[in-house]
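A short write-up of the structure that comes next.
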Amino acid sequence: MLKRTPLYENHQKLGARLVEFGGWEMPVQYTGIVDEHQTVRTAAGMFDISHMGEVRVSGPSALAFLNGVLTNDLRKLAVGQGQYTLLCNERGGVIDDLYAYRLADQEFLLIINASRIDSDVGWLQAQFRKFAPSVGSELLDISDQIGAVAVQGPKVAQFIDQCFPASTAGGADAWKPSDLAKNQICAVDWNEHRLWISRTGYTGEDGFEILADAQSIVPVWEQVLKIGQPYGLKPAGLGARDTLRTEACYALYGHELDEDTTPLEAGLGFFVALDKGEFVGRSALVAQKQKGVGKKCVAFKMSEKSAPARPHYPIWSGGTEAQRIGEVVSGTQSPSLGIGIGLGYVPPASAKPGTEIQIEIRGKRFGAAIVPKPIYRKPAISQFMTDPT
C-alpha cells in the first residue's frame with residue numbers, strides 16, 4: 001500500500017493528479033506541468049516534500065561521526081548553516097545525496113531522499129554502532145514525525161515573512177526568514193509549533209523549505225498558500241519539480257546517482273573534501289581522482305526537433321561513423337527553452353561542451369550537443385542561482 005503525506009487530502013481538494021513515487025502517493029501536477037514550471041520561474045510555487053526523510057544526529061560524537069561518513073566537511077558549518085553532501089560506500093559509489101544542517105553545536109539534521117530512507121537509516125545505524133559513540137550521542141530516524149514544504153520562486157522572499165511573523169528562535173542569526181542567506185536555517189515558533197525554515201531548494205530559483213511536525217504541516221501549507229496567492233503562488237507537483245531540477249542540472253538519485261556511480265563521475269567533486277581526513281569511500285575516490293574517471297555526467301540540448309529524451313536512451317557520437325558512447329539518465333522537454341534537454345553519461349573524451357552527439361529516440365537518432373551546466377540560466381543571475389550547496 002502506498003504511503004500518503006499529511007497533505008494528501010489538500011492535494012485531492014486542489015484537484016491534483018496523484019501518482020506513485022518512491023512508495024508514496026504524490027501529486028504529479030495540478031494545473032499542468034508547464035504552467036507550474038513557468039509559475040515557479042516567474043512567481044512562486046509550493047511543493048509537498050513531506051515524503052523526504054529526516055535523521056537527527058546529536059551529542060558529543062555527532063560531528064566526528066558524520067564527518068566520517070559524509071563526503072563534505074561539516075566542520076565548515078556554523079550553527080544555522082547547511083551543506084549539500086553525499087553518503088558513499090567503500091567503493092566510492094553513492095548511497096544517497098542529501099542536505100546536512102547544523103541546528104546547534106552538537107545537533108545535526110540530515111534531509112534524505114524518500115526512496116532511500118530505509119537504506120540510509122540502516123547503513124547509518126550500522127556505521128554509528130561501529131563508531132562506538134560517546135555517552136549522550138544518538139542517531140534517530142524522525143522521518144515519520146516530520147512534514148515539509150518547499151516554496152520556490154523569485155517572489156517568495158516578498159511574502160515569506162508575512163507567513164511567519166514571529167522572530168527567529170534558533171539556528172542562524174536572523175531576525176526573520178527573509179534575512180537568511182543561501183543554505184542557512186532558522187527556527188520559528190508559530191502557533192505553538194516549532195518550525196525550521198531554510199533558504200534552500202531544488203529548482204534553481206530562490207526559495208525556502210519549511211519543516212514542521214507532521215500534525216502542523218497542514219496549517220503551514222494553508223497559511224502559505226493563502227498569503228502567497230496574491231503574489232502568484234500556486235501548488236506545484238513532482239512533474240514541474242523534475243523539469244526545474246533538470247534545467248538546473250541537479251542530480252536525482254536513481255538517475256544521475258547510484259551505488260555504482262561516484263561523486264567524481266557525477267561532476268560533484270566540489271562536495272567531496274578529500275583533504276579533511278578519513279571518511280567512508282575516501283580511498284576509492286582518491287584513487288579515482290589520480291587515475292581519472294571512466295565516465296562523466298554531461299548536459300545536452302537537442303538540436304533537432306524530436307520527442308523528449310528519456311532515461312536509458314542511447315547516446316551516440318556525432319558524424320557519419322557514429323558509435324554508441326553512453327546513455328541518457330534524465331531527459332525532458334524544457335518549458336523554459338522550448339527544446340529537448342537532458343543529462344547523460346559519456347566517456348571523458350566526449351564530454352567537452354560543444355561536442356556534437358546524437359540521442360536515439362524510439363529507434364531513430366536525433367542531433368544534440370553537449371552544453372555547459374546549468375542548461376538554463378536566468379537572464380539576471382542572482383546570488384541564489386548557484387550550485388545547490
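Numbering starts fresh at 1 for the residues of each chain in the C-alpha cells, the chains themselves are lettered A, B, ... in the order given, and ligands are numbered from 1 as they appear.
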Inset, instruction - Would you mind listing what lies within 9 Å of range 343-360 of chain A as a ChimeraX atom specification, with only C-alpha atoms counted and same-chain residues fewer than 4 positions away left out? - result: /A:246,249,255-256,265-266,292-300,302,309,311-319,322,325-331,364-372
Can you list every residue of range 164-184 of chain A that has an atom at most 12 Å from range 90-103 of chain A, with its nearest atom pair and the distance in Å to one decimal, using only C-alpha atoms, ordered by chain then number, as a tab-separated table?
```
residue	atom	partner	partner_atom	distance
A:Ala169	CA	A:Leu103	CA	11.2
A:Gly170	CA	A:Leu103	CA	7.7
A:Gly171	CA	A:Leu103	CA	5.3
A:Ala172	CA	A:Leu103	CA	8.3
A:Asp173	CA	A:Leu103	CA	11.5
A:Asn183	CA	A:Tyr101	CA	8.5
A:Gln184	CA	A:Tyr101	CA	8.2
```
Please produce an output containing N, CA and C atoms for each residue in the selection, written as a short mmCIF file (atom, residue, chain, number, x, y, z; two decimals), in the first residue's frame.
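Written file, result_34.cif:
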```cif
data_model
loop_
_atom_site.label_atom_id
_atom_site.label_comp_id
_atom_site.auth_asym_id
_atom_site.auth_seq_id
_atom_site.Cartn_x
_atom_site.Cartn_y
_atom_site.Cartn_z
N ALA A 169 13.97 31.77 16.53
CA ALA A 169 14.17 31.23 17.87
C ALA A 169 15.31 30.23 17.93
N GLY A 170 16.19 30.23 16.96
CA GLY A 170 17.31 29.31 16.97
C GLY A 170 17.90 29.17 15.59
N GLY A 171 19.04 28.52 15.52
CA GLY A 171 19.71 28.34 14.24
C GLY A 171 20.48 29.57 13.84
N ALA A 172 20.34 29.99 12.58
CA ALA A 172 21.08 31.14 12.07
C ALA A 172 20.67 32.42 12.77
N ASP A 173 21.59 33.36 12.81
CA ASP A 173 21.33 34.66 13.43
C ASP A 173 20.57 35.53 12.43
N ASN A 183 21.42 28.57 2.05
CA ASN A 183 21.84 27.42 2.85
C ASN A 183 21.79 27.66 4.35
N GLN A 184 21.25 28.77 4.80
CA GLN A 184 21.06 28.97 6.23
C GLN A 184 19.69 28.44 6.66
#
```
Inset, instruction - Write out as a list in words all residues of range 131-218 of chain A that DSSP puts in helix (DSSP H, G or I) for this structure's backbone. - result: Phe131, Ser143, Asp144, Gln145, Val156, Ala157, Gln158, Phe159, Ile160, Asp161, Gln162, Cys163, Pro177, Ser178, Asp179, Ile217 and Val218 of chain A
Inset, instruction - May I have the residues within 7 Å of range 195-210 of chain A as a list in words, using only C-alpha atoms and disregarding those fewer than 6 positions away in the same chain? - result: Arg41, Ala148, Val149, Ala150, Val151, Gln152, Gly153, Pro154, Val156, Pro177, Leu180, Ala181, Lys182, Asn183, Gln184, Ile185, Cys186, Ala187, Val188, Asp189, Arg241, Leu244, Arg245, Ala248, Phe384 and Met385 of chain A
Just to be explicit: take each residue in the selection above, keep C-alpha atoms, and write the result as a short mmCIF file (atom, residue, chain, number, x, y, z; two decimals), in the first residue's frame.
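The resulting part_25.cif:
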```cif
data_model
loop_
_atom_site.label_atom_id
_atom_site.label_comp_id
_atom_site.auth_asym_id
_atom_site.auth_seq_id
_atom_site.Cartn_x
_atom_site.Cartn_y
_atom_site.Cartn_z
CA ARG A 41 10.31 30.54 -12.75
CA ALA A 148 7.81 19.64 4.88
CA VAL A 149 7.01 22.01 2.03
CA ALA A 150 9.21 23.87 -0.43
CA VAL A 151 8.18 27.38 -1.55
CA GLN A 152 10.20 28.33 -4.63
CA GLY A 153 10.37 31.26 -7.00
CA PRO A 154 11.56 34.87 -7.38
CA VAL A 156 8.75 34.12 -2.39
CA PRO A 177 13.21 34.20 7.31
CA LEU A 180 18.57 34.10 5.78
CA ALA A 181 21.44 33.70 3.34
CA LYS A 182 21.53 30.74 0.96
CA ASN A 183 21.84 27.42 2.85
CA GLN A 184 21.06 28.97 6.23
CA ILE A 185 18.34 27.60 8.51
CA CYS A 186 16.48 29.11 11.46
CA ALA A 187 13.79 28.10 13.92
CA VAL A 188 10.49 29.96 14.25
CA ASP A 189 7.81 29.43 16.92
CA ARG A 241 9.95 19.73 -9.83
CA LEU A 244 13.01 22.54 -12.99
CA ARG A 245 15.81 20.45 -11.48
CA ALA A 248 19.30 23.41 -13.27
CA PHE A 384 20.89 32.18 -5.31
CA MET A 385 21.39 30.85 -8.84
#
```
Legend entry - strand (DSSP E or B) per DSSP on the backbone: members of range 285-379 of chain A, as a PyMOL selection string: chain A and resi 296-302+314-317+324-333+340-346+356-361+364-371
Would you export the selected residues with N, CA and C atoms as a tab-separated table (two decimals), in the first residue's frame, please?
```tsv
chain	number	residue	atom	x	y	z
A	296	LYS	N	31.66	10.56	-17.47
A	296	LYS	CA	31.31	11.87	-16.94
A	296	LYS	C	29.84	12.16	-17.21
A	297	CYS	N	29.22	12.82	-16.24
A	297	CYS	CA	27.84	13.25	-16.42
A	297	CYS	C	27.83	14.58	-17.17
A	298	VAL	N	27.15	14.62	-18.30
A	298	VAL	CA	27.11	15.82	-19.13
A	298	VAL	C	25.67	16.27	-19.34
A	299	ALA	N	25.52	17.54	-19.67
A	299	ALA	CA	24.22	18.10	-20.04
A	299	ALA	C	24.16	18.25	-21.55
A	300	PHE	N	22.97	18.12	-22.10
A	300	PHE	CA	22.84	18.28	-23.55
A	300	PHE	C	21.54	18.98	-23.91
A	301	LYS	N	21.56	19.62	-25.07
A	301	LYS	CA	20.36	20.19	-25.68
A	301	LYS	C	20.16	19.52	-27.03
A	302	MET	N	18.92	19.26	-27.39
A	302	MET	CA	18.61	18.73	-28.70
A	302	MET	C	18.77	19.84	-29.74
A	314	PRO	N	19.97	5.52	-25.73
A	314	PRO	CA	21.39	5.52	-26.09
A	314	PRO	C	21.88	6.89	-26.56
A	315	ILE	N	23.13	7.18	-26.22
A	315	ILE	CA	23.82	8.37	-26.73
A	315	ILE	C	24.87	7.89	-27.73
A	316	TRP	N	24.86	8.50	-28.91
A	316	TRP	CA	25.81	8.15	-29.97
A	316	TRP	C	26.70	9.33	-30.25
A	317	SER	N	27.89	9.05	-30.74
A	317	SER	CA	28.78	10.12	-31.17
A	317	SER	C	28.22	10.75	-32.44
A	324	ARG	N	27.98	4.10	-30.38
A	324	ARG	CA	27.28	4.29	-29.11
A	324	ARG	C	28.30	4.58	-28.02
A	325	ILE	N	28.14	5.71	-27.32
A	325	ILE	CA	29.14	6.12	-26.33
A	325	ILE	C	28.58	6.28	-24.92
A	326	GLY	N	27.27	6.23	-24.76
A	326	GLY	CA	26.74	6.44	-23.42
A	326	GLY	C	25.24	6.28	-23.36
A	327	GLU	N	24.67	6.83	-22.27
A	327	GLU	CA	23.25	6.62	-22.00
A	327	GLU	C	22.66	7.84	-21.30
A	328	VAL	N	21.45	8.18	-21.69
A	328	VAL	CA	20.71	9.26	-21.02
A	328	VAL	C	20.27	8.79	-19.64
A	329	VAL	N	20.39	9.67	-18.64
A	329	VAL	CA	19.89	9.35	-17.31
A	329	VAL	C	18.70	10.22	-16.91
A	330	SER	N	18.58	11.41	-17.49
A	330	SER	CA	17.42	12.28	-17.29
A	330	SER	C	17.15	13.01	-18.59
A	331	GLY	N	15.87	13.18	-18.94
A	331	GLY	CA	15.55	13.91	-20.15
A	331	GLY	C	14.14	14.43	-20.10
A	332	THR	N	13.91	15.60	-20.73
A	332	THR	CA	12.59	16.20	-20.74
A	332	THR	C	12.52	17.26	-21.82
A	333	GLN	N	11.33	17.79	-22.04
A	333	GLN	CA	11.16	18.96	-22.87
A	333	GLN	C	11.24	20.17	-21.94
A	340	GLY	N	14.22	20.03	-26.33
A	340	GLY	CA	14.56	18.87	-25.54
A	340	GLY	C	15.91	19.05	-24.86
A	341	ILE	N	16.00	18.62	-23.60
A	341	ILE	CA	17.24	18.70	-22.84
A	341	ILE	C	17.43	17.41	-22.06
A	342	GLY	N	18.62	17.24	-21.50
A	342	GLY	CA	18.82	16.07	-20.67
A	342	GLY	C	20.21	15.99	-20.08
A	343	LEU	N	20.43	14.93	-19.33
A	343	LEU	CA	21.70	14.62	-18.71
A	343	LEU	C	22.03	13.17	-19.04
A	344	GLY	N	23.30	12.89	-19.21
A	344	GLY	CA	23.70	11.54	-19.52
A	344	GLY	C	25.17	11.31	-19.22
A	345	TYR	N	25.60	10.05	-19.30
A	345	TYR	CA	26.99	9.69	-19.06
A	345	TYR	C	27.67	9.30	-20.36
A	346	VAL	N	28.87	9.88	-20.58
A	346	VAL	CA	29.68	9.59	-21.75
A	346	VAL	C	31.14	9.48	-21.32
A	356	GLU	N	29.27	17.54	-30.61
A	356	GLU	CA	28.04	17.09	-31.27
A	356	GLU	C	27.80	15.61	-30.95
A	357	ILE	N	26.58	15.29	-30.56
A	357	ILE	CA	26.21	13.91	-30.26
A	357	ILE	C	24.85	13.62	-30.91
A	358	GLN	N	24.41	12.39	-30.76
A	358	GLN	CA	23.08	12.01	-31.23
A	358	GLN	C	22.39	11.23	-30.12
A	359	ILE	N	21.09	11.45	-29.97
A	359	ILE	CA	20.29	10.72	-28.99
A	359	ILE	C	19.35	9.81	-29.75
A	360	GLU	N	19.38	8.53	-29.42
A	360	GLU	CA	18.48	7.58	-30.07
A	360	GLU	C	17.14	7.60	-29.35
A	361	ILE	N	16.11	8.02	-30.07
A	361	ILE	CA	14.77	8.15	-29.52
A	361	ILE	C	13.82	7.30	-30.35
A	364	LYS	N	15.30	5.97	-33.64
A	364	LYS	CA	15.85	6.91	-34.61
A	364	LYS	C	16.76	7.90	-33.89
A	365	ARG	N	17.86	8.28	-34.53
A	365	ARG	CA	18.82	9.20	-33.90
A	365	ARG	C	18.52	10.65	-34.28
A	366	PHE	N	18.65	11.52	-33.27
A	366	PHE	CA	18.42	12.94	-33.47
A	366	PHE	C	19.63	13.72	-32.95
A	367	GLY	N	19.97	14.80	-33.62
A	367	GLY	CA	21.14	15.58	-33.26
A	367	GLY	C	20.97	16.33	-31.95
A	368	ALA	N	22.08	16.44	-31.23
A	368	ALA	CA	22.13	17.17	-29.96
A	368	ALA	C	23.55	17.66	-29.76
A	369	ALA	N	23.75	18.48	-28.75
A	369	ALA	CA	25.09	18.98	-28.44
A	369	ALA	C	25.27	19.05	-26.93
A	370	ILE	N	26.45	18.72	-26.46
A	370	ILE	CA	26.78	18.85	-25.05
A	370	ILE	C	26.95	20.33	-24.73
A	371	VAL	N	26.37	20.76	-23.60
A	371	VAL	CA	26.38	22.17	-23.22
A	371	VAL	C	26.88	22.32	-21.78
```
Inset, instruction - Find, counting only C-alpha atoms, the residue in A:Ile112, A:Val69, A:Ala157, A:Ala307 that gets nearest to Tyr231 in chain A. - result: A:Ala157
Legend entry - Selected residue, from A:Asp242, A:Asp161, A:Asp258, A:Glu54, that lies nearest to Asp144 in chain A when counting only C-alpha atoms: A:Glu54
